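**Student:** Got a structure for you, questions after.
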Protein chains: 2
Amino acid sequence: MSDVGMDTIVSLCKRRGFVFPSSEIYGGIGSTWDYGPLGVELKRNVKQAWWNSVVHQREDMEGLDAAILMHPLTWKASGHIDGFTDALVDCRSCKKRYRVDHLAGEGDHRKCPQCKAEIDLKTNPPRLFNLMLKTYLGPIEDESAITYLRPETAQGIFVNFSNIVNSRHRKLPFGVAQIGKSFRNEITPGNFTFRTREFEQMEIEYFVRPEDAENSYKRWVEERFQWYQALGIKNDKLRLRVHAKDELAHYASGCTDIEYNFPFGWSELEGIANRGDFDLRQHAKISGKDLTYFDQAINKRYLPHVVEPSGGVDRAALAFLVDAYREEEVKGAKRVVLGLNKQLSPYKIAVLPLLKKNSDIVELAKKISSGLKKYFVVKYDDTASIGKLYRRQDEIGTLFCVTVDVQSLEDKMVTVRDRDTMHQDRVNIDKLDEYFQNKLS
Amino acid sequence: MSDVGMDTIVSLCKRRGFVFPSSEIYGGIGSTWDYGPLGVELKRNVKQAWWNSVVHQREDMEGLDAAILMHPLTWKASGHIDGFTDALVDCRSCKKRYRVDHLAGEGDHRKCPQCKAEIDLKTNPPRLFNLMLKTYLGPIEDESAITYLRPETAQGIFVNFSNIVNSRHRKLPFGVAQIGKSFRNEITPGNFTFRTREFEQMEIEYFVRPEDAENSYKRWVEERFQWYQALGIKNDKLRLRVHAKDELAHYASGCTDIEYNFPFGWSELEGIANRGDFDLRQHAKISGKDLTYFDQAINKRYLPHVVEPSGGVDRAALAFLVDAYREEEVKGAKRVVLGLNKQLSPYKIAVLPLLKKNSDIVELAKKISSGLKKYFVVKYDDTASIGKLYRRQDEIGTLFCVTVDVQSLEDKMVTVRDRDTMHQDRVNIDKLDEYFQNKLS
């Protein structure tokens with residue numbers, strides 16, 4: 001089977017400890033999810049692969065970790081206070097609130113999905129509803145204390161532009177990368193972890209000379225597309241979608257989405273936008289601070305242009321999960337495998353004793369697990385029969401299983417089973433480190 | 001100089017890119033901080049060292065990453081809605097709001113610090129102010145939509161207790177570790193990143209049989225103390241403070257703080273508490289769900305007891321920074337060194353061309369930097385003279401500087417300078433990987 005349904009993924013995630021409904025014992029809290037023991041490792045690996053690729057492996061990038069709580073003027077400058085809204089209307093019949101673009105019908109005459117009553121937008125005009133979550137800082141809940149949970153990490157980079165140029169002696173072109181939580185009061189979250197009110201972003205702002213923006217934009221589209229491919233996403237499930245002119249923000253000269261073909265259809269994993277100097281210009285205007293850059297090479301002062309590759313951690317993790325899932329028939333029985341890339345698998349190696357009741361085998365298996373932990377993420381497991389243990393490890397994407405048996409006590413060798421080929425090697429215990437260094441690096 | 005002042009640390013953090021005031025171009029937002037390019041690497045390293053120590057190197061631990069937004073009943077169960085409060089009073093003279101315990105005087109007669117007016121608590125009684133930040137989820141801002149930003153990560157673990165036991169086939173004792181942001185509407189934040197309204201925690205809940213709680217508590221106090229020592233904190237700056245009986249919550253049987261002697265005095269880095277079954281009992285009661293654990297070995301069902309080592313990421317990072325700072329005199333000039341442990345240093349190696357104008361040297365230096373990046377976090381820097389570059393790298397804790405000079409083009413060797421001893425080795429370029437593997441692993 002190549003195309004998995006979302007139900008299968010959601011069920012595997014719950015059963016194996018990737019993702020649990022948040023606050024589940026209290027009936028959950030609308031489309032919020034907790035990453036379990038396996039999910040947190042997968043997400044860590046996604047973030048590490050991204051950080052390594054866009055920060056550590058490059059000379060032209062810096063990292064940043066700005067606070068979620070930012071000065072409210074930030075959102076005045078970015079346009080979020082005035083423009084980050086949905087049009088909502090209350091149905092006078094069923095008393096529910098709806099997004100106007102989710103109602104049936106056209107023009108002023110709409111149908112309410114719940115009670116089928118007609119809503120006349122002329123006599124019942126929609127109101128704009130801001131999607132930022134707000135809170136109050138300090139002991140007094142009044143207008144002056146209102147603060148928003150950031151709806152995107154990007155602005156944390158723009159407000160620190162000068163700090164980074166100055167402290168890191170940076171010259172253009174250079175970029176800043178950031179990973180962190182953002183919040184949007186989505187009216188219609190859904191599709192498991194794909195659209196949620198709390199989510200994690202991995203965003204880059206890449207600052208360039210205005211005349212270099214177009215080329216930089218093209219390079220970033222290519223590089224980011226390749227990142228997903230290099231981590232194993234199948235070619236026919238990944239595509240680029242170039243935004244039409246009428247989809248673009250007024251200041252943007254181009255935007256391309258990287259889309260994945262989820263069970264619920266083609267959906268955005270990441271957008272790469274050519275944003276001009278809009279953000280720095282707005283922050284300079286609202287803050288009154290000079291955010292221009294002095295370009296020594298051409299003896300000129302100007303606002304850099306910005307290319308923004310903006311991806312979702314949760315979406316990437318979900319795409320990797322969905323894409324890796326496969327079912328096979330092995331000797332008449334179904335085998336479920338999560339064929340995750342070796343960089344992404346939560347555990348690289350599982351160490352399993354063949355006979356749990358043989359204390360010598362258990363002791364040796366624990367010793368091997370403990371030794372391998374110096375270099376790899378390894379789990380010891382003796383909570384079921386070997387057949388069950390193999391199936392569990394396949395289902396969570398563990399790359400190799402090391403099985404310790406009675407013979408291991410004699411010949412100091414163990415069986416190493418490969419997740420994908422199910423091929424088994426007999427390997428000397430002393431050579432395991434080296435064996436896995438070769439396989440996993 | 002061994003004792004550094006906070007001003008020196010704050011200034012170094014800003015100048016070198018560890019920590020910037022958040023939203024600085026807008027005048028900042030009360031005691032909120034952004035981690036710059038160096039700070040984000042330091043913080044990543046602190047978190048990685050913790051995660052590796054408490055999750056990856058152990059067989060008895062699982063990880064978790066629960067959402068910041070939790071069901072409000074969580075905070076009813078935990079006691080935060082009713083008990084997580086400060087008593088505040090409004091001064092009728094200067095119209096400012098104060099924490100009662102910050103006013104001078106005793107009993108009902110207090111002095112207001114701002115305007116020196118007397119506040120009579122009998123006629124002007126204090127009101128309880130909840131320290132949780134609240135927000136509204138969904139399109140309608142009413143009571144039913146109120147949600148709190150979690151004031152601690154711990155409760156995300158308790159509400160997932162059964163999910164983890166079931167999905168991971170866990171038997172007692174085992175623990176769950178989590179790193180994440182929490183929020184408290186502190187009335188008096190301060191001391192740089194030590195006390196802030198938005199902060200990052202690293203918390204463990206360790207579940208044990210009731211009769212094993214005391215021993216487990218003692219072991220965790222010891223292990224967590226050793227973690228800070230192993231990462232280089234000086235012995236005379238670190239101490240344990242056992243809470244007196246009257247400091248303990250009614251359900252707790254013991255609590256020990258790990259304290260560091262900051263420039264502003266001994267302050268808590270982490271607390272280890274023996275919490276009994278309070279949390280699981282409360283969640284079972286409020287949710288109506290059975291959270292007992294069936295212990296096969298003794299054929300008994302009970303609520304596990306919990307030991308909680310709860311540390312702050314920002315506090316740990318600050319302690320490592322302060323502790324690592326030293327000033328030396330070298331040939332009559334001051335040398336500032338951040339003697340961070342090798343696991344914590346933002347950059348392990350800097351590659352520096354001796355002559356920036358010699359394109360062969362620059363090319364070779366970039367090639368060396370790029371090669372070393374396969375294994376280490378490395379920065380190439382040519383933005384100043386070699387003397388300045390050394391000083392900068394010392395000040396940010398980079399362990400080794402590799403200098404490429406004219407002779408390197410001939411003999412294929414480079415100079416490697418050790419941060420702490422300033423000893424210089426001449427090393428063959430082909431042997432650099434191996435040289436640093438030995439030094440850094």
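The chains in the structure tokens are called A, B, ... from first to last as shown; in each chain the residues are counted from 1, and the ligands are counted from 1 in the order shown.
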Just need the residues of chain B within 6 Å of chain A, counting only C-alpha atoms, so spit them out as a PyMOL selection string.

**Tutor:** chain B and resi 15-17+23+26+29+34-37+40+62-67+70-71+134-135+167+287

**Student:** Which residues, written as a ChimeraX atom specification, have at least one atom at most 12 Å from B:Gln226, with only C-alpha atoms counted and residues fewer than 5 positions away on the same chain left out?

**Tutor:** /B:50,53,219-221,231-235,238-240,258

**Student:** Could you turn the residues from that selection into a file that holds all heavy atoms, as a short mmCIF file (atom, residue, chain, number, x, y, z; two decimals), in the first residue's frame?

**Tutor:**
data_model
loop_
_atom_site.label_atom_id
_atom_site.label_comp_id
_atom_site.auth_asym_id
_atom_site.auth_seq_id
_atom_site.Cartn_x
_atom_site.Cartn_y
_atom_site.Cartn_z
N TRP B 50 21.49 18.32 28.79
CA TRP B 50 20.48 17.83 29.74
C TRP B 50 19.73 16.64 29.16
O TRP B 50 19.58 15.60 29.78
CB TRP B 50 19.51 18.97 30.07
CG TRP B 50 18.51 18.67 31.13
CD1 TRP B 50 18.70 18.76 32.48
CD2 TRP B 50 17.13 18.27 30.96
NE1 TRP B 50 17.54 18.43 33.14
CE2 TRP B 50 16.57 18.13 32.23
CE3 TRP B 50 16.34 18.03 29.83
CZ2 TRP B 50 15.23 17.74 32.43
CZ3 TRP B 50 15.02 17.64 30.02
CH2 TRP B 50 14.48 17.51 31.31
N SER B 53 21.79 13.59 28.96
CA SER B 53 22.04 13.02 30.30
C SER B 53 20.80 12.35 30.88
O SER B 53 20.88 11.26 31.44
CB SER B 53 22.55 14.14 31.21
OG SER B 53 22.28 13.86 32.55
N ARG B 219 18.71 10.19 45.32
CA ARG B 219 19.55 9.94 44.14
C ARG B 219 19.46 11.09 43.14
O ARG B 219 20.46 11.50 42.57
CB ARG B 219 19.13 8.64 43.46
CG ARG B 219 19.95 7.42 43.88
CD ARG B 219 19.81 6.29 42.86
NE ARG B 219 18.41 6.02 42.53
CZ ARG B 219 17.60 5.23 43.24
NH1 ARG B 219 18.04 4.65 44.34
NH2 ARG B 219 16.36 5.04 42.86
N TRP B 220 18.23 11.60 42.92
CA TRP B 220 18.08 12.69 41.94
C TRP B 220 18.78 13.95 42.40
O TRP B 220 19.37 14.68 41.59
CB TRP B 220 16.60 12.94 41.63
CG TRP B 220 16.07 12.04 40.55
CD1 TRP B 220 15.16 11.04 40.69
CD2 TRP B 220 16.44 12.06 39.16
NE1 TRP B 220 14.93 10.43 39.48
CE2 TRP B 220 15.70 11.04 38.52
CE3 TRP B 220 17.32 12.83 38.40
CZ2 TRP B 220 15.81 10.78 37.14
CZ3 TRP B 220 17.43 12.57 37.04
CH2 TRP B 220 16.69 11.56 36.42
N VAL B 221 18.72 14.25 43.69
CA VAL B 221 19.43 15.44 44.20
C VAL B 221 20.91 15.32 43.86
O VAL B 221 21.54 16.26 43.34
CB VAL B 221 19.24 15.59 45.73
CG1 VAL B 221 20.19 16.65 46.29
CG2 VAL B 221 17.79 15.94 46.06
N LEU B 231 29.59 19.87 34.09
CA LEU B 231 29.65 20.86 33.02
C LEU B 231 30.46 22.09 33.43
O LEU B 231 30.40 23.12 32.77
CB LEU B 231 28.24 21.26 32.58
CG LEU B 231 27.52 20.15 31.78
CD1 LEU B 231 26.05 20.51 31.56
CD2 LEU B 231 28.20 19.91 30.44
N GLY B 232 31.19 21.95 34.53
CA GLY B 232 32.23 22.94 34.82
C GLY B 232 31.94 23.98 35.88
O GLY B 232 32.80 24.80 36.18
N ILE B 233 30.73 23.98 36.46
CA ILE B 233 30.45 24.98 37.50
C ILE B 233 31.40 24.75 38.68
O ILE B 233 31.58 23.63 39.13
CB ILE B 233 28.99 24.87 37.99
CG1 ILE B 233 28.02 25.17 36.86
CG2 ILE B 233 28.74 25.79 39.19
CD1 ILE B 233 27.75 26.62 36.58
N LYS B 234 31.99 25.86 39.16
CA LYS B 234 32.97 25.76 40.24
C LYS B 234 32.31 25.29 41.54
O LYS B 234 31.22 25.72 41.89
CB LYS B 234 33.64 27.11 40.47
CG LYS B 234 34.45 27.58 39.28
CD LYS B 234 35.08 28.96 39.55
CE LYS B 234 35.68 29.53 38.29
NZ LYS B 234 34.65 30.13 37.37
N ASN B 235 33.01 24.41 42.24
CA ASN B 235 32.46 23.81 43.47
C ASN B 235 32.02 24.83 44.51
O ASN B 235 30.98 24.67 45.13
CB ASN B 235 33.50 22.89 44.12
CG ASN B 235 33.53 21.55 43.42
OD1 ASN B 235 32.53 21.14 42.80
ND2 ASN B 235 34.65 20.86 43.52
N LEU B 238 28.47 26.47 44.03
CA LEU B 238 27.30 25.62 43.92
C LEU B 238 27.00 25.03 45.30
O LEU B 238 27.90 24.57 45.99
CB LEU B 238 27.61 24.49 42.94
CG LEU B 238 26.47 23.82 42.18
CD1 LEU B 238 25.72 24.82 41.32
CD2 LEU B 238 27.04 22.70 41.29
N ARG B 239 25.72 25.04 45.72
CA ARG B 239 25.39 24.43 47.00
C ARG B 239 23.97 23.86 46.97
O ARG B 239 23.16 24.22 46.12
CB ARG B 239 25.51 25.45 48.13
CG ARG B 239 24.37 26.44 48.18
CD ARG B 239 24.51 27.40 49.37
NE ARG B 239 23.33 28.27 49.45
CZ ARG B 239 23.25 29.36 50.21
NH1 ARG B 239 24.31 29.72 50.94
NH2 ARG B 239 22.16 30.09 50.22
N LEU B 240 23.70 22.97 47.90
CA LEU B 240 22.36 22.45 48.09
C LEU B 240 21.71 23.18 49.25
O LEU B 240 22.36 23.45 50.26
CB LEU B 240 22.42 20.94 48.40
CG LEU B 240 22.87 20.03 47.26
CD1 LEU B 240 23.01 18.59 47.76
CD2 LEU B 240 21.89 20.09 46.09
N ILE B 258 19.10 23.38 44.22
CA ILE B 258 20.49 23.54 43.81
C ILE B 258 20.67 25.03 43.54
O ILE B 258 19.96 25.61 42.70
CB ILE B 258 20.80 22.72 42.55
CG1 ILE B 258 20.59 21.23 42.84
CG2 ILE B 258 22.23 22.99 42.08
CD1 ILE B 258 20.69 20.34 41.60
#

**Student:** In stretch 118-248 of chain A, what's strand (DSSP E or B) per DSSP? Answer as a PDB file with N, CA and C atoms, in the first residue's frame?

**Tutor:**
ATOM      1  N   GLU A 118     -30.885  31.411   6.412  1.00  0.00           N
ATOM      2  CA  GLU A 118     -30.165  32.305   5.526  1.00  0.00           C
ATOM      3  C   GLU A 118     -29.608  33.475   6.334  1.00  0.00           C
ATOM      4  N   ILE A 119     -28.362  33.855   5.979  1.00  0.00           N
ATOM      5  CA  ILE A 119     -27.757  35.022   6.623  1.00  0.00           C
ATOM      6  C   ILE A 119     -27.653  36.119   5.573  1.00  0.00           C
ATOM      7  N   ASP A 120     -28.210  37.272   5.873  1.00  0.00           N
ATOM      8  CA  ASP A 120     -28.130  38.393   4.946  1.00  0.00           C
ATOM      9  C   ASP A 120     -27.017  39.318   5.422  1.00  0.00           C
ATOM     10  N   ARG A 127     -18.002  40.954  10.998  1.00  0.00           N
ATOM     11  CA  ARG A 127     -17.010  41.748  11.714  1.00  0.00           C
ATOM     12  C   ARG A 127     -15.627  41.131  11.555  1.00  0.00           C
ATOM     13  N   LEU A 128     -14.616  41.985  11.541  1.00  0.00           N
ATOM     14  CA  LEU A 128     -13.250  41.484  11.387  1.00  0.00           C
ATOM     15  C   LEU A 128     -12.746  40.989  12.734  1.00  0.00           C
ATOM     16  N   PHE A 129     -12.158  39.799  12.715  1.00  0.00           N
ATOM     17  CA  PHE A 129     -11.712  39.148  13.935  1.00  0.00           C
ATOM     18  C   PHE A 129     -10.216  38.915  13.823  1.00  0.00           C
ATOM     19  N   ASN A 130      -9.449  39.505  14.730  1.00  0.00           N
ATOM     20  CA  ASN A 130      -8.000  39.365  14.645  1.00  0.00           C
ATOM     21  C   ASN A 130      -7.557  37.986  15.101  1.00  0.00           C
ATOM     22  N   LYS A 134      -4.238  37.199  22.374  1.00  0.00           N
ATOM     23  CA  LYS A 134      -3.744  38.296  23.196  1.00  0.00           C
ATOM     24  C   LYS A 134      -3.707  37.921  24.666  1.00  0.00           C
ATOM     25  N   THR A 135      -2.847  38.589  25.388  1.00  0.00           N
ATOM     26  CA  THR A 135      -2.779  38.395  26.832  1.00  0.00           C
ATOM     27  C   THR A 135      -2.439  39.735  27.473  1.00  0.00           C
ATOM     28  N   TYR A 136      -2.410  39.766  28.799  1.00  0.00           N
ATOM     29  CA  TYR A 136      -2.095  41.007  29.509  1.00  0.00           C
ATOM     30  C   TYR A 136      -0.838  40.800  30.329  1.00  0.00           C
ATOM     31  N   ILE A 146      -2.024  45.083  27.015  1.00  0.00           N
ATOM     32  CA  ILE A 146      -2.256  44.055  25.994  1.00  0.00           C
ATOM     33  C   ILE A 146      -0.962  43.694  25.270  1.00  0.00           C
ATOM     34  N   THR A 147      -0.694  42.417  25.195  1.00  0.00           N
ATOM     35  CA  THR A 147       0.441  41.896  24.449  1.00  0.00           C
ATOM     36  C   THR A 147      -0.076  40.718  23.638  1.00  0.00           C
ATOM     37  N   TYR A 148       0.545  40.465  22.497  1.00  0.00           N
ATOM     38  CA  TYR A 148       0.098  39.350  21.663  1.00  0.00           C
ATOM     39  C   TYR A 148       1.122  38.232  21.681  1.00  0.00           C
ATOM     40  N   LEU A 149       0.642  36.996  21.639  1.00  0.00           N
ATOM     41  CA  LEU A 149       1.552  35.885  21.389  1.00  0.00           C
ATOM     42  C   LEU A 149       1.918  35.969  19.913  1.00  0.00           C
ATOM     43  N   PHE A 174      23.611  37.989   4.148  1.00  0.00           N
ATOM     44  CA  PHE A 174      23.632  37.021   5.245  1.00  0.00           C
ATOM     45  C   PHE A 174      22.188  36.787   5.684  1.00  0.00           C
ATOM     46  N   GLY A 175      21.991  35.688   6.391  1.00  0.00           N
ATOM     47  CA  GLY A 175      20.636  35.366   6.821  1.00  0.00           C
ATOM     48  C   GLY A 175      20.592  35.035   8.300  1.00  0.00           C
ATOM     49  N   VAL A 176      19.391  35.042   8.843  1.00  0.00           N
ATOM     50  CA  VAL A 176      19.176  34.689  10.240  1.00  0.00           C
ATOM     51  C   VAL A 176      18.100  33.607  10.296  1.00  0.00           C
ATOM     52  N   ALA A 177      18.387  32.546  11.047  1.00  0.00           N
ATOM     53  CA  ALA A 177      17.465  31.411  11.147  1.00  0.00           C
ATOM     54  C   ALA A 177      16.920  31.319  12.555  1.00  0.00           C
ATOM     55  N   GLN A 178      15.669  30.924  12.657  1.00  0.00           N
ATOM     56  CA  GLN A 178      15.060  30.824  13.974  1.00  0.00           C
ATOM     57  C   GLN A 178      14.017  29.705  13.999  1.00  0.00           C
ATOM     58  N   ILE A 179      14.002  28.979  15.113  1.00  0.00           N
ATOM     59  CA  ILE A 179      12.974  27.954  15.334  1.00  0.00           C
ATOM     60  C   ILE A 179      12.204  28.338  16.582  1.00  0.00           C
ATOM     61  N   GLY A 180      10.887  28.273  16.544  1.00  0.00           N
ATOM     62  CA  GLY A 180      10.143  28.561  17.768  1.00  0.00           C
ATOM     63  C   GLY A 180       8.648  28.489  17.569  1.00  0.00           C
ATOM     64  N   LYS A 181       7.945  28.523  18.723  1.00  0.00           N
ATOM     65  CA  LYS A 181       6.490  28.431  18.715  1.00  0.00           C
ATOM     66  C   LYS A 181       5.855  29.742  18.250  1.00  0.00           C
ATOM     67  N   SER A 182       4.754  29.617  17.507  1.00  0.00           N
ATOM     68  CA  SER A 182       3.904  30.751  17.182  1.00  0.00           C
ATOM     69  C   SER A 182       2.459  30.352  17.449  1.00  0.00           C
ATOM     70  N   PHE A 183       1.584  31.336  17.502  1.00  0.00           N
ATOM     71  CA  PHE A 183       0.189  31.093  17.887  1.00  0.00           C
ATOM     72  C   PHE A 183      -0.746  31.868  16.978  1.00  0.00           C
ATOM     73  N   GLY A 190      -7.339  21.963  12.019  1.00  0.00           N
ATOM     74  CA  GLY A 190      -7.714  20.597  11.674  1.00  0.00           C
ATOM     75  C   GLY A 190      -6.654  19.859  10.894  1.00  0.00           C
ATOM     76  N   ARG A 195      -2.823  21.886  10.917  1.00  0.00           N
ATOM     77  CA  ARG A 195      -3.213  23.261  11.206  1.00  0.00           C
ATOM     78  C   ARG A 195      -3.685  23.333  12.651  1.00  0.00           C
ATOM     79  N   GLU A 198      -1.461  26.401  18.132  1.00  0.00           N
ATOM     80  CA  GLU A 198      -0.081  26.512  18.625  1.00  0.00           C
ATOM     81  C   GLU A 198       0.774  25.669  17.695  1.00  0.00           C
ATOM     82  N   PHE A 199       1.816  26.249  17.141  1.00  0.00           N
ATOM     83  CA  PHE A 199       2.634  25.478  16.194  1.00  0.00           C
ATOM     84  C   PHE A 199       4.063  25.992  16.228  1.00  0.00           C
ATOM     85  N   GLU A 200       4.943  25.206  15.626  1.00  0.00           N
ATOM     86  CA  GLU A 200       6.357  25.569  15.673  1.00  0.00           C
ATOM     87  C   GLU A 200       6.839  25.889  14.259  1.00  0.00           C
ATOM     88  N   GLN A 201       7.549  26.996  14.139  1.00  0.00           N
ATOM     89  CA  GLN A 201       8.044  27.410  12.829  1.00  0.00           C
ATOM     90  C   GLN A 201       9.552  27.288  12.735  1.00  0.00           C
ATOM     91  N   MET A 202      10.047  27.137  11.497  1.00  0.00           N
ATOM     92  CA  MET A 202      11.485  27.307  11.252  1.00  0.00           C
ATOM     93  C   MET A 202      11.584  28.303  10.112  1.00  0.00           C
ATOM     94  N   GLU A 203      12.040  29.486  10.474  1.00  0.00           N
ATOM     95  CA  GLU A 203      12.025  30.597   9.512  1.00  0.00           C
ATOM     96  C   GLU A 203      13.417  31.195   9.307  1.00  0.00           C
ATOM     97  N   ILE A 204      13.608  31.630   8.077  1.00  0.00           N
ATOM     98  CA  ILE A 204      14.857  32.320   7.713  1.00  0.00           C
ATOM     99  C   ILE A 204      14.505  33.677   7.116  1.00  0.00           C
ATOM    100  N   GLU A 205      15.248  34.697   7.520  1.00  0.00           N
ATOM    101  CA  GLU A 205      15.206  35.963   6.779  1.00  0.00           C
ATOM    102  C   GLU A 205      16.602  36.154   6.200  1.00  0.00           C
ATOM    103  N   TYR A 206      16.660  36.232   4.888  1.00  0.00           N
ATOM    104  CA  TYR A 206      17.945  36.350   4.209  1.00  0.00           C
ATOM    105  C   TYR A 206      18.051  37.750   3.602  1.00  0.00           C
ATOM    106  N   PHE A 207      19.039  38.504   4.082  1.00  0.00           N
ATOM    107  CA  PHE A 207      19.173  39.917   3.721  1.00  0.00           C
ATOM    108  C   PHE A 207      20.176  40.086   2.576  1.00  0.00           C
ATOM    109  N   VAL A 208      19.734  40.764   1.521  1.00  0.00           N
ATOM    110  CA  VAL A 208      20.576  40.908   0.330  1.00  0.00           C
ATOM    111  C   VAL A 208      20.500  42.326  -0.226  1.00  0.00           C
ATOM    112  N   LEU A 238       6.006  15.631  -3.785  1.00  0.00           N
ATOM    113  CA  LEU A 238       6.513  16.971  -3.469  1.00  0.00           C
ATOM    114  C   LEU A 238       6.432  17.825  -4.727  1.00  0.00           C
ATOM    115  N   ARG A 239       5.942  19.052  -4.585  1.00  0.00           N
ATOM    116  CA  ARG A 239       5.916  19.932  -5.762  1.00  0.00           C
ATOM    117  C   ARG A 239       6.080  21.390  -5.341  1.00  0.00           C
ATOM    118  N   LEU A 240       6.421  22.210  -6.324  1.00  0.00           N
ATOM    119  CA  LEU A 240       6.485  23.648  -6.102  1.00  0.00           C
ATOM    120  C   LEU A 240       5.225  24.287  -6.672  1.00  0.00           C
ATOM    121  N   ARG A 241       4.684  25.242  -5.956  1.00  0.00           N
ATOM    122  CA  ARG A 241       3.546  25.983  -6.487  1.00  0.00           C
ATOM    123  C   ARG A 241       3.889  27.472  -6.458  1.00  0.00           C
ATOM    124  N   VAL A 242       4.018  28.055  -7.631  1.00  0.00           N
ATOM    125  CA  VAL A 242       4.359  29.482  -7.729  1.00  0.00           C
ATOM    126  C   VAL A 242       3.083  30.290  -7.572  1.00  0.00           C
TER     127      VAL A 242
END

**Student:** Mind pulling up the distance from atom CA of B:Gly79 to atom CA of B:Leu121?

**Tutor:**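 Atom-to-atom, atom CA of B:Leu121 and atom CA of B:Gly79 are spaced 26.1 Å apart.
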
**Student:** May I have the residues within 12 Å of B:Asn428 as a PyMOL selection string, using only C-alpha atoms and disregarding those fewer than 5 positions away in the same chain?

**Tutor:** chain B and resi 368+402+404+407-416+433-436

**Student:** Could you pull the residues within 9 Å of A:Asn124, counting only C-alpha atoms, minus those fewer than 5 positions along the same chain, as a list of chain:residue names?

**Tutor:**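 Counting only C-alpha atoms, the residues come to A:Val89, A:Asp90, A:Cys91, A:Arg92, A:Ile119.
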
**Student:** Store the residues picked out above in a file with C-alpha atoms, as a PDB file, in the first residue's frame.

**Tutor:**
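Dumped to result-v4.pdb:
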ATOM      1  CA  VAL A  89     -20.642  36.645  11.146  1.00  0.00           C
ATOM      2  CA  ASP A  90     -23.065  35.502  13.874  1.00  0.00           C
ATOM      3  CA  CYS A  91     -26.031  33.424  12.727  1.00  0.00           C
ATOM      4  CA  ARG A  92     -29.046  34.969  14.459  1.00  0.00           C
ATOM      5  CA  ILE A 119     -27.757  35.022   6.623  1.00  0.00           C
TER       6      ILE A 119
END

**Student:** Find the residues around B:Ser267 up to 10 Å (only C-alpha atoms counted), leave out those fewer than 2 positions away in its own chain, and share them as a VMD selection string.

**Tutor:** chain B and resid 194 238 to 239 241 257 to 265 269 to 270 315 319

**Student:** Tell me, in Å to one decimal, how far atom CA of A:Pro346 is from atom CA of A:Asp323.

**Tutor:**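 Computed distance, atom CA of A:Pro346 to atom CA of A:Asp323, equals 15.5 Å.
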
**Student:** Apply DSSP to the structure's backbone, then extract all residues of stretch 255-420 of chain A labelled helix (DSSP H, G or I) and return them as a VMD selection string.

**Tutor:** chain A and resid 278 to 287 296 to 298 313 to 324 359 to 372 386 to 396 406 to 411

**Student:** Between A:Ser310, A:Cys94, A:Ile396, A:Gly5, which residue has the minimum interatomic distance to A:Arg224, considering only C-alpha atoms?

**Tutor:**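 So, comparing all the options, the nearest one is A:Ser310.
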